[in-house]
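So this one's query_19.txt, compact mmCIF, C-alpha atoms:
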# COMPACT_ATOMS: atom_id res chain seq x y z
CA MET A 1 0.00 0.00 0.00
CA PRO A 2 1.57 3.29 -1.07
CA SER A 3 2.43 5.71 1.71
CA SER A 4 0.49 8.95 1.97
CA PRO A 5 2.27 12.12 0.86
CA LEU A 6 3.77 14.12 3.69
CA PRO A 7 1.81 17.20 4.78
CA ASP A 8 3.19 20.48 3.46
CA VAL A 9 4.22 21.63 6.93
CA VAL A 10 6.38 18.51 7.37
CA LEU A 11 8.08 19.13 4.03
CA GLN A 12 8.67 22.72 5.10
CA ALA A 13 10.19 21.55 8.36
CA GLN A 14 12.50 19.20 6.48
CA GLN A 15 13.59 21.99 4.18
CA LEU A 16 14.19 24.19 7.23
CA LEU A 17 16.41 21.52 8.78
CA GLN A 18 18.44 21.24 5.58
CA LEU A 19 18.99 25.01 5.39
CA VAL A 20 19.95 25.36 9.05
CA THR A 21 22.36 22.44 8.68
CA SER A 22 23.92 23.99 5.57
CA ILE A 23 24.75 27.29 7.30
CA SER A 24 25.91 25.60 10.51
CA ASP A 25 28.19 22.94 9.03
CA PRO A 26 31.59 24.28 7.84
CA ALA A 27 31.94 21.21 5.63
CA SER A 28 28.87 22.17 3.60
CA GLY A 29 31.03 24.37 1.36
CA LEU A 30 28.40 27.10 1.27
CA ASP A 31 29.86 30.41 0.14
CA PRO A 32 29.16 33.52 2.28
CA LEU A 33 26.60 35.04 -0.10
CA SER A 34 24.67 31.76 -0.39
CA ALA A 35 24.70 31.45 3.40
CA TRP A 36 23.25 34.97 3.66
CA ASN A 37 20.48 34.12 1.20
CA ALA A 38 19.80 30.86 3.07
CA LYS A 39 19.11 32.87 6.23
CA ILE A 40 16.48 34.88 4.33
CA GLN A 41 14.90 31.61 3.20
CA ILE A 42 14.91 30.37 6.80
CA GLN A 43 12.93 33.43 7.86
CA HIS A 44 10.32 32.77 5.17
CA ILE A 45 9.99 29.08 6.00
CA CYS A 46 9.66 29.77 9.74
CA ASP A 47 6.82 32.20 9.00
CA THR A 48 5.18 29.66 6.69
CA ILE A 49 5.40 26.90 9.30
CA LEU A 50 3.90 29.22 11.90
CA GLN A 51 1.02 30.05 9.55
CA SER A 52 0.39 26.36 8.83
CA THR A 53 0.43 25.22 12.44
CA MET A 54 -1.58 28.11 13.89
CA GLY A 55 -4.14 28.51 11.14
CA PRO A 56 -5.48 31.73 9.58
CA LEU A 57 -7.51 32.92 12.57
CA GLU A 58 -4.92 32.57 15.32
CA TYR A 59 -2.04 33.71 13.11
CA THR A 60 -3.87 36.86 11.97
CA VAL A 61 -4.81 37.85 15.52
CA LEU A 62 -1.21 37.24 16.62
CA LEU A 63 0.10 39.46 13.81
CA ALA A 64 -2.35 42.22 14.76
CA GLU A 65 -1.27 41.97 18.39
CA SER A 66 2.44 42.13 17.50
CA CYS A 67 2.25 45.92 17.75
CA GLN A 68 1.86 45.39 21.51
CA GLU A 69 5.08 43.36 21.60
CA SER A 70 6.87 46.09 19.67
CA GLN A 71 5.72 48.70 22.16
CA ALA A 72 6.70 46.51 25.12
CA LEU A 73 10.21 46.27 23.66
CA HIS A 74 10.24 50.04 23.13
CA PHE A 75 9.02 50.63 26.69
CA VAL A 76 11.70 48.61 28.46
CA THR A 77 14.44 49.81 26.09
CA SER A 78 13.60 53.50 26.43
CA LEU A 79 13.47 53.17 30.21
CA GLY A 80 16.94 51.60 30.19
CA ILE A 81 15.90 48.42 32.01
CA ALA A 82 18.79 46.42 30.53
CA ASP A 83 21.18 49.17 31.64
CA PHE A 84 19.80 49.11 35.18
CA ILE A 85 20.20 45.33 35.40
CA GLY A 86 23.73 45.43 33.99
CA ASP A 87 25.73 42.28 34.66
CA GLY A 88 23.80 41.36 37.80
CA GLU A 89 20.21 40.77 38.82
CA ALA A 90 17.39 43.13 39.80
CA THR A 91 13.89 42.84 41.21
CA LEU A 92 10.79 44.35 39.67
CA ALA A 93 10.48 46.71 42.64
CA THR A 94 14.04 47.96 42.25
CA LEU A 95 13.75 48.40 38.49
CA SER A 96 10.43 50.22 38.80
CA GLU A 97 11.90 52.62 41.34
CA LYS A 98 14.97 53.35 39.20
CA ALA A 99 12.87 53.83 36.06
CA GLY A 100 10.26 55.97 37.83
CA VAL A 101 7.31 53.88 36.69
CA LEU A 102 4.60 51.87 38.43
CA PRO A 103 5.46 48.17 38.98
CA GLN A 104 2.21 47.09 37.33
CA PHE A 105 3.24 48.61 33.98
CA LEU A 106 6.79 47.33 34.07
CA GLY A 107 5.70 43.87 35.24
CA VAL A 108 3.31 43.36 32.32
CA THR A 109 5.77 44.65 29.70
CA MET A 110 8.60 42.54 31.12
CA SER A 111 6.36 39.47 30.89
CA CYS A 112 5.63 40.34 27.26
CA VAL A 113 9.27 40.67 26.19
CA LEU A 114 10.24 37.61 28.25
CA GLY A 115 7.87 35.67 26.01
CA ARG A 116 9.91 36.78 23.01
CA GLY A 117 13.20 35.71 24.57
CA TYR A 118 14.44 38.98 26.08
CA PHE A 119 15.83 38.85 29.64
CA GLU A 120 15.61 35.86 31.97
CA GLU A 121 13.52 35.44 35.09
CA VAL A 122 15.77 34.18 37.88
CA GLY A 123 14.69 31.14 39.89
CA CYS A 124 11.22 30.36 38.64
CA PHE A 125 8.37 31.81 36.62
CA GLY A 126 6.81 34.74 38.46
CA SER A 127 9.84 35.45 40.68
CA ARG A 128 10.00 39.03 39.34
CA VAL A 129 13.79 38.91 39.53
CA TYR A 130 15.50 39.51 36.21
CA LYS A 131 18.89 39.27 34.54
CA ASN A 132 20.12 40.05 31.05
CA ASN A 133 20.67 37.44 28.36
CA GLU A 134 22.14 37.55 24.86
CA LEU A 135 19.09 39.27 23.38
CA SER A 136 18.57 41.89 26.09
CA GLN A 137 22.27 42.76 26.24
CA ILE A 138 22.03 44.64 22.93
CA LEU A 139 19.38 46.92 24.47
CA ARG A 140 22.10 48.40 26.69
CA GLU A 141 23.44 51.83 25.76
CA THR A 142 27.09 50.85 25.98
CA HIS A 143 26.94 47.45 24.26
CA PRO A 144 29.10 47.40 21.08
CA LYS A 145 26.12 46.06 19.11
CA SER A 146 23.55 48.23 20.86
CA VAL A 147 20.23 48.83 19.09
CA LYS A 148 18.84 51.09 21.79
CA ALA A 149 18.55 54.14 19.53
CA ALA A 150 17.09 52.06 16.68
CA VAL A 151 14.40 50.59 18.93
CA GLY A 152 13.66 54.06 20.28
CA PHE A 153 13.28 55.55 16.80
CA ILE A 154 11.15 52.67 15.47
CA GLY A 155 8.93 52.53 18.56
CA ASP A 156 8.47 56.30 18.75
CA GLU A 157 8.45 58.11 15.39
CA GLY A 158 7.82 54.96 13.38
CA PHE A 159 5.01 53.58 15.51
CA ARG A 160 3.20 56.89 16.01
CA ALA A 161 3.44 57.73 12.31
CA ALA A 162 2.10 54.30 11.30
CA SER A 163 -0.90 54.84 13.56
CA ARG A 164 -2.02 57.68 11.23
CA LEU A 165 -1.57 55.79 7.97
CA LEU A 166 -5.31 55.65 7.28
CA ASP A 167 -5.54 59.44 7.56
CA ALA A 168 -2.55 60.00 5.27
CA ALA A 169 -3.82 57.58 2.63
CA LYS A 170 -7.13 59.37 2.01
CA VAL A 171 -7.61 60.83 -1.45
CA PRO A 172 -7.07 64.62 -1.08
CA GLN A 173 -10.08 66.84 -1.63
CA HIS A 174 -10.23 70.34 -3.13
CA GLY A 175 -6.50 70.82 -3.55
CA GLU A 176 -5.51 69.47 -0.14
CA LYS A 177 -1.82 68.77 0.31
CA ILE A 178 -0.78 65.14 0.61
CA LEU A 179 0.94 64.87 3.97
CA PRO A 180 2.98 61.91 5.25
CA ALA A 181 1.50 60.09 8.21
CA GLY A 182 4.40 61.35 10.33
CA ASN A 183 3.39 64.97 9.73
CA ILE A 184 -0.15 64.19 10.84
CA ALA A 185 0.99 62.26 13.91
CA PHE A 186 3.38 64.92 15.20
CA GLY A 187 1.71 68.02 13.76
CA PHE A 188 4.55 69.54 11.74
CA SER A 189 4.84 70.89 8.21
CA GLY A 190 7.77 70.41 5.86
CA THR A 191 9.89 67.28 5.86
CA VAL A 192 10.67 65.02 8.80
CA PHE A 193 14.32 66.06 8.48
CA ASP A 194 13.43 69.76 8.71
CA TRP A 195 11.37 69.01 11.82
CA MET A 196 14.22 67.12 13.43
CA SER A 197 16.65 69.95 12.68
CA THR A 198 14.74 72.37 14.91
CA PRO A 199 16.29 73.05 18.34
CA GLU A 200 13.34 71.45 20.14
CA GLN A 201 13.71 68.18 18.22
CA ALA A 202 17.51 68.06 17.91
CA TRP A 203 17.58 65.05 20.24
CA ARG A 204 15.51 63.16 17.70
CA ALA A 205 18.01 63.94 14.95
CA GLU A 206 20.84 62.70 17.12
CA ARG A 207 18.92 59.53 17.91
CA LEU A 208 18.14 59.01 14.21
CA GLY A 209 21.84 59.28 13.38
CA LYS A 210 22.64 56.61 15.97
CA ALA A 211 19.71 54.49 14.82
CA MET A 212 20.85 54.53 11.19
CA GLN A 213 24.33 53.40 12.18
CA GLN A 214 22.92 50.65 14.41
CA LEU A 215 20.56 49.40 11.71
CA ASP A 216 23.37 49.38 9.17
CA LYS A 217 25.40 47.16 11.49
CA SER A 218 22.61 44.61 11.43
CA THR A 219 21.69 44.79 7.74
CA ASN A 220 24.66 46.19 5.80
CA ILE A 221 27.64 45.21 7.91
CA HIS A 222 29.30 43.39 4.99
CA VAL A 223 28.96 46.26 2.49
CA SER A 224 32.57 47.35 3.00
CA GLU A 225 33.77 43.77 2.36
CA ASP A 226 31.53 42.57 -0.46
CA PHE A 227 31.97 45.45 -2.92
CA PRO A 228 35.32 46.51 -4.47
CA TRP A 229 35.18 50.13 -3.36
CA HIS A 230 38.93 50.46 -3.89
CA GLU A 231 38.39 50.11 -7.64
CA LEU A 232 36.36 53.33 -7.81
CA ASN A 233 37.69 56.85 -8.11
CA SER A 234 36.39 59.74 -6.02
CA PRO A 235 33.95 61.30 -6.00
CA ILE A 236 31.44 58.47 -5.95
CA VAL A 237 27.99 59.86 -6.72
CA ASP A 238 25.12 58.20 -4.84
CA VAL A 239 21.93 59.00 -6.75
CA GLY A 240 19.63 57.16 -4.35
CA GLY A 241 18.41 60.26 -2.58
CA GLY A 242 18.63 58.80 0.92
CA ILE A 243 20.21 60.21 4.07
CA GLY A 244 23.54 58.54 3.39
CA SER A 245 23.14 55.38 5.44
CA LEU A 246 25.31 53.47 2.94
CA GLU A 247 28.05 56.06 3.34
CA MET A 248 27.76 55.90 7.13
CA SER A 249 28.90 52.29 6.95
CA LEU A 250 31.91 53.19 4.82
CA VAL A 251 33.37 56.50 5.95
CA GLY A 252 34.52 55.06 9.26
CA SER A 253 36.62 52.38 7.55
CA LYS A 254 40.35 53.13 7.42
CA GLU A 255 40.58 51.00 4.28
CA TYR A 256 38.40 53.47 2.38
CA SER A 257 39.56 56.70 4.02
CA HIS A 258 40.54 58.02 0.57
CA LEU A 259 36.99 57.89 -0.83
CA GLU A 260 34.71 60.89 -1.10
CA PHE A 261 30.98 60.79 -1.78
CA LEU A 262 28.38 63.08 -3.33
CA ILE A 263 24.82 62.19 -2.28
CA LEU A 264 21.95 63.37 -4.43
CA ILE A 265 19.02 64.73 -2.40
CA PHE A 266 15.63 64.84 -4.09
CA GLN A 267 14.49 68.09 -2.49
CA LYS A 268 16.73 71.01 -1.59
CA PRO A 269 15.11 71.56 1.84
CA LEU A 270 16.05 67.98 2.74
CA GLN A 271 19.72 68.87 2.31
CA TRP A 272 19.79 71.00 5.44
CA GLY A 273 17.88 68.57 7.63
CA ILE A 274 20.04 65.62 6.58
CA MET A 275 23.25 67.60 7.03
CA PHE A 276 22.05 68.42 10.54
CA ILE A 277 21.75 64.70 11.29
CA TRP A 278 25.29 64.12 10.04
CA THR A 279 26.58 67.13 11.97
CA ALA A 280 25.00 65.82 15.15
CA ARG A 281 26.37 62.32 14.69
CA LEU A 282 29.40 62.30 12.37
CA PRO A 283 30.62 65.89 11.99
CA GLU A 284 34.20 64.88 11.20
CA MET A 285 33.02 62.88 8.18
CA LEU A 286 31.34 65.81 6.41
CA LYS A 287 34.72 66.64 4.87
CA ARG A 288 34.30 63.54 2.72
CA VAL A 289 30.52 63.50 2.22
CA SER A 290 28.64 66.24 0.37
CA PHE A 291 24.95 66.65 -0.38
CA VAL A 292 23.59 68.21 -3.57
CA PRO A 293 19.94 68.75 -4.60
CA GLY A 294 18.79 66.81 -7.64
CA ASN A 295 16.49 64.11 -8.97
CA PHE A 296 17.80 61.31 -11.15
CA MET A 297 14.20 60.44 -12.03
CA ALA A 298 13.85 63.68 -14.02
CA SER A 299 12.93 63.38 -17.70
CA THR A 300 16.33 64.53 -19.04
CA PHE A 301 19.89 64.12 -17.80
CA GLU A 302 20.36 67.90 -17.56
CA GLU A 303 17.34 68.15 -15.27
CA THR A 304 18.70 65.53 -12.91
CA ASN A 305 21.48 67.89 -11.77
CA ILE A 306 23.72 64.86 -11.24
CA PRO A 307 27.37 65.87 -10.81
CA GLU A 308 30.12 64.28 -12.86
CA GLY A 309 31.82 61.25 -11.38
CA ASP A 310 33.72 58.10 -12.32
CA ARG A 311 30.78 55.94 -11.27
CA HIS A 312 27.26 56.70 -10.17
CA ILE A 313 25.82 54.20 -7.72
CA ASP A 314 22.53 53.29 -6.13
CA ALA A 315 21.69 50.60 -3.62
CA PRO A 316 18.25 49.03 -4.15
CA PRO A 317 17.05 46.18 -1.96
CA THR A 318 17.52 42.69 -3.36
CA THR A 319 15.63 40.52 -0.89
CA SER A 320 12.03 40.41 0.28
CA SER A 321 12.90 39.80 3.91
CA ARG A 322 10.54 40.66 6.72
CA PHE A 323 12.85 43.47 7.79
CA LEU A 324 12.80 45.02 4.32
CA ARG A 325 9.03 44.94 4.08
CA ALA A 326 8.73 46.58 7.51
CA THR A 327 11.31 49.19 6.53
CA SER A 328 9.26 49.97 3.42
CA MET A 329 6.35 50.77 5.71
CA HIS A 330 8.65 52.97 7.78
CA LEU A 331 9.70 54.99 4.73
CA LEU A 332 6.09 55.34 3.64
CA VAL A 333 4.71 56.65 6.92
CA LEU A 334 7.56 59.06 7.67
CA ASN A 335 8.04 60.76 4.30
CA ASN A 336 5.81 59.03 1.71
CA GLY A 337 8.92 57.22 0.52
CA ALA A 338 9.16 53.86 -1.20
CA THR A 339 11.65 51.06 -1.69
CA ARG A 340 12.14 49.75 -5.22
CA THR A 341 13.23 46.46 -6.68
CA GLN A 342 16.40 46.08 -8.73
CA ARG A 343 14.36 45.97 -11.94
CA GLU A 344 12.51 49.16 -11.05
CA MET A 345 15.77 50.92 -10.20
CA GLU A 346 17.41 49.83 -13.46
CA CYS A 347 14.44 51.22 -15.41
CA LEU A 348 14.80 54.56 -13.62
CA VAL A 349 18.54 54.57 -14.27
CA HIS A 350 18.00 54.03 -18.00
CA LYS A 351 15.31 56.70 -18.11
CA ALA A 352 17.71 59.21 -16.56
CA GLY A 353 20.20 58.67 -19.38
CA PHE A 354 22.52 56.17 -17.74
CA ARG A 355 23.77 52.76 -18.73
CA VAL A 356 23.99 50.06 -16.06
CA ALA A 357 27.62 48.97 -15.92
CA LYS A 358 27.47 46.42 -13.14
CA VAL A 359 25.22 45.08 -10.38
CA THR A 360 26.84 43.60 -7.29
CA HIS A 361 24.82 41.51 -4.85
CA MET A 362 26.12 41.50 -1.30
CA ARG A 363 25.45 39.99 2.11
CA ALA A 364 23.16 42.92 2.80
CA LEU A 365 19.65 44.12 2.16
CA ASP A 366 21.07 46.37 -0.56
CA SER A 367 22.92 45.68 -3.77
CA VAL A 368 25.03 48.21 -5.63
CA ILE A 369 24.10 49.34 -9.14
CA GLU A 370 26.97 51.06 -10.95
CA ALA A 371 25.89 53.29 -13.81
CA VAL A 372 27.72 55.45 -16.34
CA VAL A 373 26.44 58.21 -18.59
CA GLY A 374 25.38 57.16 -22.09
Let's see the structure in the file written out as structure tokens.
Amino acid sequence: MPSSPLPDVVLQAQQLLQLVTSISDPASGLDPLSAWNAKIQIQHICDTILQSTMGPLEYTVLLAESCQESQALHFVTSLGIADFIGDGEATLATLSEKAGVLPQFLGVTMSCVLGRGYFEEVGCFGSRVYKNNELSQILRETHPKSVKAAVGFIGDEGFRAASRLLDAAKVPQHGEKILPAGNIAFGFSGTVFDWMSTPEQAWRAERLGKAMQQLDKSTNIHVSEDFPWHELNSPIVDVGGGIGSLEMSLVGSKEYSHLEFLILIFQKPLQWGIMFIWTARLPEMLKRVSFVPGNFMASTFEETNIPEGDRHIDAPPTTSSRFLRATSMHLLVLNNGATRTQREMECLVHKAGFRVAKVTHMRALDSVIEAVVG
């Protein structure tokens, strides 16, 4: 009697085991880029297995409730709970007193993040005595891989802006201006960078600068290794129109201390706000990084205002990871921005009068598109 075919979830679990084994076994011969891509596949399969085992109803409710987990993480991180605990142990009463919050609020949020693997409860469940573990350590301000600023930025500006997405998405009536959700949430006009450059919000700009560096360490840490930057001549023109997060990961490297960058900014007002972020975070690097207004999506090359350079680069995302999709939401709610696929970016490059010279995939969310004029 023939055996019944294995359920899909079992096949998925088998595939997951194969992938995890391949990136864990040195003898597998997997090259670094393939190992990176395997990790993205692992994320997808884990999500698929969770969907299959939980079912549509429970999984959907869990996804909707995940905003509460995000805010619990933001709550304990912003309060500095991991910093208070340090290398020892601390009770709920002690932590509440140091943080200046009611024990009820801290107790519930600690229980929430404990369920996601952050911190450890000493002794037994319900002891209300905590210590740091590998996950919670990176919430500390002084940890070399700290993500404290990134969690603060995502849980504050990102979360509050996303809560007004429905308002921002409405079709404008009678000549109304289309405002990003962030403008509606915080009540400012102009760009988010202009807002952060005001004296009252300067602390936000400083935090954003730290957050961008921290996020780059987690997503683009191999950019300096996986692309032959030494083969390019300065200045390197980045036409992506971002805040220079790619450059932030490069300018601190001694190996590439000779490189200079020109970053194209889509709107001239953005130039001042973004320069403020760099001044607050990396003032010494502004000697090697310049910002110029322009738009490489303009209809003619002359209208783009792109400066001359040996190579013009852009860094579109190349994976559809969960992080990338969430980041796309972040860009949308804060400044009506959008991430684009490699194909979309190449079409824009051609339209602007460039020829794609080379595309380099890296162990990062971004790839590098090199383009030359003509």
I'd like the contact shell of stretch 226-233 of chain A - 12 Å cut-off, only C-alpha atoms, skipping same-chain residues fewer than 3 positions apart - returned as a ChimeraX atom specification. /A:32-33,36,220-223,236-237,246-247,250-251,253-261,308-313,315,358-364,366-370
Rounded to one decimal in Å, what is the spacing between atom CA of A:Ser24 and atom CA of A:Leu11?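 Atom CA of A:Ser24 sits 20.0 Å away from atom CA of A:Leu11.
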Expressed in Å, the length from atom CA of A:Gln137 to atom CA of A:Ser78 is 13.8 Å
Tell me, in Å to one decimal, how far atom CA of A:His330 is from atom CA of A:Ala162.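 Atom-to-atom, atom CA of A:His330 to atom CA of A:Ala162, that is 7.6 Å.
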Select, from A:Leu332, A:Ala82, A:Pro56, A:Asp87, the residue with the minimum atom-to-atom distance to A:Ala99, counting only C-alpha atoms.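 Counting only C-alpha atoms, the residue closest to A:Ala99 is A:Ala82.
Shortest separation to A:Arg204 among A:Ala150, A:Leu348, A:Val333, A:Val239 occurs at residue A:Ala150, atoms counted being only C-alpha atoms.
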Counting all atoms listed in the file, which residues have an atom no more than 12 Å from (7.3, 54.7, 26.4) in the file's coordinates? Please list them as a ChimeraX atom specification. /A:68,70-80,99-101,105-106,109,151-157,159-160
Find, counting all atoms listed in the file, the residue in A:Ser136, A:Leu324, A:Glu97, A:Ile45 that gets nearest to A:Thr339.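 Using all atoms listed in the file, A:Thr339 sits closest to A:Leu324.
Distances here use all atoms listed in the file; by that measure, the residue among A:Thr198, A:Gln173, A:Ser66, A:Gln14 closest to A:Ile42 is A:Gln14.
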Calculated over all atoms listed in the file, which of the candidates A:Ile138, A:Asp216, A:Gly158, A:Asp31 has the smallest distance to A:Ala326?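 Among the listed residues, A:Gly158 lies closest to A:Ala326.
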Build an axis-aligned box that encloses every atom of stretch 9-23 of chain A listed in the file, pad it by 5 Å on each side, and report its centre and edge lengths in Å to one decimal, as JSON.
{"center_x": 14.5, "center_y": 22.9, "center_z": 6.5, "size_x": 30.5, "size_y": 18.8, "size_z": 15.0}
Out of A:Gln18, A:Ser127, A:Ser224, A:Thr53, which residue has the shortest atom-to-atom distance to A:Lys39 when counting only C-alpha atoms?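 Using only C-alpha atoms, A:Lys39 sits closest to A:Gln18.
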Selection near A:Gln43, 12 Å with only C-alpha atoms, sequence-local residues under 2 positions removed, as a list in words: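 Everything that qualifies: Gln12, Leu16, Leu19, Val20, Trp36, Asn37, Ala38, Lys39, Ile40, Gln41, Ile45, Cys46, Asp47, Thr48, Ile49, Leu50, Thr319, Ser320, Ser321, Arg322 and Phe323 of chain A.
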